[in-house]
Every structure is written in structure tokens, then in C-alpha cells.
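For reference, the structure discussed in these notes is given below.
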Amino acid sequence: MSGAFEFILAGMLVGFCVGITGVGGGSLMTPILIGLFRIEPHIAIGTDLLYAAISKFCGSMVHARKLNIVWPIVLWLAVGSIPASFGTTWLLEHYLSQSTHYKAVLTMVLGFMLTLTGVSIIFRSRIEKFFNRFRSNEVTQSENEHLAIHKKRSFIVIMGIILGVFVTLSSVGAGAFGIMALVIMFPNLPMIRIIGSDVVHAVLLTLVAGLGHMSAGNVDFTLLMWLLVGSIPAIIVGTLISSRMPERLIRKILGITLFALGVNFMVHPVKAKPKAPVVQQQVVIAEKTSNTTER
């Protein structure tokens, strides 16, 4: 088991990436905990969800003060994601957690979401340029904005359900993947309002999913504390110097890294250790009993 210093360093690394690029929290933290520190997948995912909720909360307050949040979008996303998260947590606790394929399923879903996130980060500028063609040059009026949301609310709810399931299973996708989905659905909405809305929804979703994992005993609070100690100052530092750093290069490196990690998790999922056969266990118990009787 690694010590507090290593966890603080991991928090600093992830926090710095989040401060510079705005993404990479859950996408980086969970694979680091599983691949580097050999923490069980369900513990890593549950701890990372609460870590994401706490670390994103400060950013959501900033967006709220600057009026960068489209609350109807947050509401309709939550209508789909929160029940989906509860349902996924219930299935995990009552069915999947008893399966020998539990860890393999979690890591394969994690790999799938990491791959999608990596692709969305690598090609984010191209995706944005493509959908910029459909953006109007004028600022979107509030009544048109509300009308667009009203027409697409069923799609927003469906996207919320998808995010609720996959974020609860993997702790990945609430950031970069959620932003890309909103960009596709609302090409006329200013990017800063898309980011603000996504951050607030991510806080709600990761908090609910994290509490669900906590009720199942999948959260290591000591680990969570050390990660926050390292990441919160690093997020502030990364945000302050982000304008001086080569963001595009860092985003490409981050995207390629996440893509490679995702493929690795899908090809080589973490598997549960095989249990000893019941017959062998009974023989061992019988031998111990006979030895005790002879004495």
C-alpha cells in the first residue's frame, strides 16, 4: 500500500492537469489509482466520484457567480442522470458485486469511457470547428434558448441517463464527454455556458454516484483526504498559469494517454482472484479438526 506522500503527489498531478486544461479529473485519477497504486477498481471509482464532486464544486460556484449556467439544461440532465445513477448503484450492489466478473466489467466500462474521452479531447478543436458552422453570429436570445431546450429536452434526458449509467460505473465522462454532447445538441449556445452547465451537472451526478458507492462501502476516506490535499492547491496554480502553458500540446498528450489507457483496460481488464475450490477448503478443515482431536 502506498503512503500519503504518493497520494498527495497523484492529487497534485491530476489537479494541475485539471487547472490547465479543464478536464482530466476523473479520467486521470481512476486509472492512476488502479494502474499505479493497485487499488481495487470499485474502491478507486467510488473514491474518485466523491473526489470529483468536491473538486468541481469550487468551479461550479465560479460559473454560478458569472451567470454561466443554463439551469434548464442542468435540470433536464439531472432528471435523466440521477435516477439512472441510483438504478445503476442498486444493480451494482445487489447483483454485479456478487459476480466473479465484477472487476472485469468495471474496468472494461472504464476503458471504454477513457477511450471516448481521449478521442473527444484529441479532436475537440475539430469537433468545435465543425459545429461552429451552425452557430449564429448573433448572441442567442433567451427566448430562443429556452425554445431550443424545450424542443430537445427528451434528448437531454436521454443523454443524462447515458451519463448517469456510465459515470456511476466508471467515474469518467461527466466532463469532456458531457461537454461534447452539449456542443452537438446546442451549437448556438456559447461555449462558456456549455462548460458551466456541464460542471454543475457533473457536481450533482458525481455526488449522487459517490454517495451510492459510499453506501456500498466503496470509498476510502483516508485516500480521499490525501488526494484533495494535493489536488486543490494544484488546481489553483494550474488555473493561474494556464494562459502561459501550451494548452493544445497538453490536451493532445492527455488525450493520447487516456486513449491508450482505455484500450489497455479493455484488452486487459482487472480480474478477480480465483477462489479456492470448496472441496479443498473442506479437506483442509477436516485435517485441522482431526489433528486437534488427536492432540
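FYI, nothing fancy with the C-alpha cells labels: chains A, B, ... in order, residues from 1 per chain, ligands from 1 as they appear.
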Mind checking DSSP for range 4-249 of chain A and telling me the helix (DSSP H, G or I) residues as a PyMOL selection string?
chain A and resi 4-21+25-35+41-65+71-94+96-98+102-122+124-132+142-151+153-170+176-185+191-215+221-240+242-244+247-249
Which residues are near Ile8 in chain A? Cut-off 8 Å, only C-alpha atoms, ignore same chain within fewer than 2 positions. Put them as number ranges by chain.
A: 4-6, 10-12, 226-231
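Neighbouring residues of Leu204 in chain A at 9 Å or closer, counting only C-alpha atoms and skipping chain neighbours under 6 positions away, are A:Ala53, A:Ala78, A:Ile82.
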What lies within 10 Å of His268 in chain A using only C-alpha atoms, ignoring chain neighbours under 6 positions off, as a list in words?
Ala104, Thr107, Met108, Gly111 and Gly262 of chain A
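The shell of residues at most 9 Å from Ile179 in chain A, with only C-alpha atoms counted and near chain neighbours (fewer than 2 positions) removed, consists of Ala174, Gly175, Ala176, Phe177, Ala181, Leu182, Val183, Ile184, Met191, Ile194, Ile195, Ser197, Asp198 and Val199 of chain A.
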Please provide as a tab-separated table (two decimals) with N, CA, C and O atoms, in the first residue's frame all residues within 9 Å of Ser85 in chain A, with the sequence filter that same-chain residues fewer than 4 positions apart are discarded (counting only C-alpha atoms).
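As a result, selection-v8.tsv now contains:
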```
chain	number	residue	atom	x	y	z
A	80	GLY	N	-32.61	12.82	-15.96
A	80	GLY	CA	-32.21	11.51	-16.50
A	80	GLY	C	-31.08	10.87	-15.73
A	80	GLY	O	-31.11	9.65	-15.46
A	81	SER	N	-30.08	11.64	-15.31
A	81	SER	CA	-28.86	11.06	-14.74
A	81	SER	C	-29.01	10.60	-13.30
A	81	SER	O	-28.46	9.54	-12.93
A	89	THR	N	-26.38	2.00	-9.25
A	89	THR	CA	-25.81	1.66	-7.94
A	89	THR	C	-26.52	0.47	-7.33
A	89	THR	O	-25.88	-0.42	-6.75
A	90	TRP	N	-27.85	0.44	-7.46
A	90	TRP	CA	-28.63	-0.68	-6.90
A	90	TRP	C	-28.27	-1.99	-7.60
A	90	TRP	O	-28.09	-3.02	-6.93
A	161	ILE	N	-29.38	10.09	-18.86
A	161	ILE	CA	-29.44	8.67	-18.49
A	161	ILE	C	-28.14	7.97	-18.85
A	161	ILE	O	-27.58	7.20	-18.06
A	163	LEU	N	-25.16	9.31	-19.30
A	163	LEU	CA	-24.09	9.78	-18.41
A	163	LEU	C	-24.25	9.18	-17.01
A	163	LEU	O	-23.25	8.80	-16.38
A	164	GLY	N	-25.48	9.10	-16.52
A	164	GLY	CA	-25.71	8.55	-15.19
A	164	GLY	C	-25.22	7.12	-15.05
A	164	GLY	O	-24.60	6.75	-14.05
A	165	VAL	N	-25.49	6.31	-16.08
A	165	VAL	CA	-25.06	4.91	-16.04
A	165	VAL	C	-23.54	4.80	-16.12
A	165	VAL	O	-22.90	4.15	-15.28
A	166	PHE	N	-22.95	5.43	-17.12
A	166	PHE	CA	-21.51	5.25	-17.36
A	166	PHE	C	-20.65	5.96	-16.33
A	166	PHE	O	-19.58	5.46	-15.98
A	167	VAL	N	-21.07	7.13	-15.84
A	167	VAL	CA	-20.29	7.81	-14.80
A	167	VAL	C	-20.33	7.01	-13.51
A	167	VAL	O	-19.31	6.90	-12.81
A	168	THR	N	-21.47	6.43	-13.17
A	168	THR	CA	-21.56	5.62	-11.95
A	168	THR	C	-20.71	4.36	-12.06
A	168	THR	O	-20.11	3.93	-11.07
A	169	LEU	N	-20.63	3.79	-13.25
A	169	LEU	CA	-19.83	2.58	-13.45
A	169	LEU	C	-18.34	2.85	-13.53
A	169	LEU	O	-17.53	2.00	-13.14
A	205	LEU	N	-24.13	14.88	-10.31
A	205	LEU	CA	-24.07	13.47	-10.67
A	205	LEU	C	-22.99	12.72	-9.90
A	205	LEU	O	-23.24	11.63	-9.37
A	208	VAL	N	-24.05	12.25	-6.20
A	208	VAL	CA	-25.05	11.19	-6.02
A	208	VAL	C	-24.42	9.81	-6.24
A	208	VAL	O	-24.62	8.89	-5.45
A	209	ALA	N	-23.64	9.68	-7.32
A	209	ALA	CA	-22.99	8.40	-7.60
A	209	ALA	C	-21.98	8.05	-6.51
A	209	ALA	O	-21.87	6.88	-6.10
A	212	GLY	N	-23.74	6.85	-3.46
A	212	GLY	CA	-24.21	5.48	-3.69
A	212	GLY	C	-23.09	4.47	-3.47
A	212	GLY	O	-23.29	3.44	-2.83
```
Can you list, as a PyMOL selection string, every protein, DNA or RNA residue that comes within 9 Å of range 118-132 of chain A when you count only C-alpha atoms, leaving out same-chain residues fewer than 5 positions away?
chain A and resi 23+27+113+176-177+180+183-184+187-188+251-260+262
Using N, CA and C atoms, can you write the selected residues to a file as a compact mmCIF listing (two decimals), in the first residue's frame?
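The result, stored in again37.txt:
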```
# COMPACT_ATOMS: atom_id res chain seq x y z
N VAL A 23 -10.06 19.57 -17.97
CA VAL A 23 -10.52 18.19 -17.97
C VAL A 23 -9.44 17.30 -17.39
N SER A 27 -10.97 11.24 -15.35
CA SER A 27 -10.33 10.48 -16.42
C SER A 27 -8.92 10.06 -16.06
N MET A 113 -14.97 4.27 -21.59
CA MET A 113 -15.18 5.70 -21.36
C MET A 113 -13.88 6.49 -21.50
N ALA A 176 -15.42 15.91 -20.20
CA ALA A 176 -15.20 16.08 -21.64
C ALA A 176 -16.32 15.49 -22.48
N PHE A 177 -16.78 14.28 -22.14
CA PHE A 177 -17.82 13.62 -22.93
C PHE A 177 -19.14 14.38 -22.81
N MET A 180 -18.97 17.57 -25.00
CA MET A 180 -19.11 17.28 -26.43
C MET A 180 -20.57 17.02 -26.79
N VAL A 183 -22.35 20.35 -26.91
CA VAL A 183 -21.94 21.11 -28.10
C VAL A 183 -22.72 20.62 -29.32
N ILE A 184 -22.89 19.31 -29.43
CA ILE A 184 -23.61 18.74 -30.57
C ILE A 184 -25.09 19.14 -30.52
N PRO A 187 -25.54 23.90 -30.79
CA PRO A 187 -24.44 24.58 -31.49
C PRO A 187 -24.49 26.11 -31.36
N ASN A 188 -25.66 26.67 -31.03
CA ASN A 188 -25.78 28.13 -30.90
C ASN A 188 -25.48 28.63 -29.49
N ARG A 251 -3.26 19.12 -24.07
CA ARG A 251 -4.51 18.42 -24.36
C ARG A 251 -4.26 17.19 -25.25
N LYS A 252 -3.40 17.33 -26.25
CA LYS A 252 -3.12 16.19 -27.12
C LYS A 252 -2.43 15.06 -26.36
N ILE A 253 -1.46 15.43 -25.52
CA ILE A 253 -0.77 14.42 -24.72
C ILE A 253 -1.75 13.73 -23.78
N LEU A 254 -2.62 14.54 -23.15
CA LEU A 254 -3.62 13.98 -22.23
C LEU A 254 -4.58 13.07 -22.97
N GLY A 255 -5.04 13.51 -24.15
CA GLY A 255 -5.98 12.70 -24.91
C GLY A 255 -5.38 11.39 -25.38
N ILE A 256 -4.15 11.43 -25.88
CA ILE A 256 -3.48 10.20 -26.32
C ILE A 256 -3.25 9.26 -25.14
N THR A 257 -2.87 9.82 -23.98
CA THR A 257 -2.65 9.00 -22.79
C THR A 257 -3.93 8.31 -22.36
N LEU A 258 -5.04 9.05 -22.32
CA LEU A 258 -6.32 8.46 -21.91
C LEU A 258 -6.78 7.40 -22.91
N PHE A 259 -6.57 7.67 -24.20
CA PHE A 259 -6.95 6.69 -25.22
C PHE A 259 -6.16 5.40 -25.04
N ALA A 260 -4.86 5.51 -24.81
CA ALA A 260 -4.02 4.33 -24.62
C ALA A 260 -4.41 3.57 -23.35
N GLY A 262 -7.35 3.59 -21.96
CA GLY A 262 -8.66 2.98 -22.19
C GLY A 262 -8.56 1.68 -22.96
```
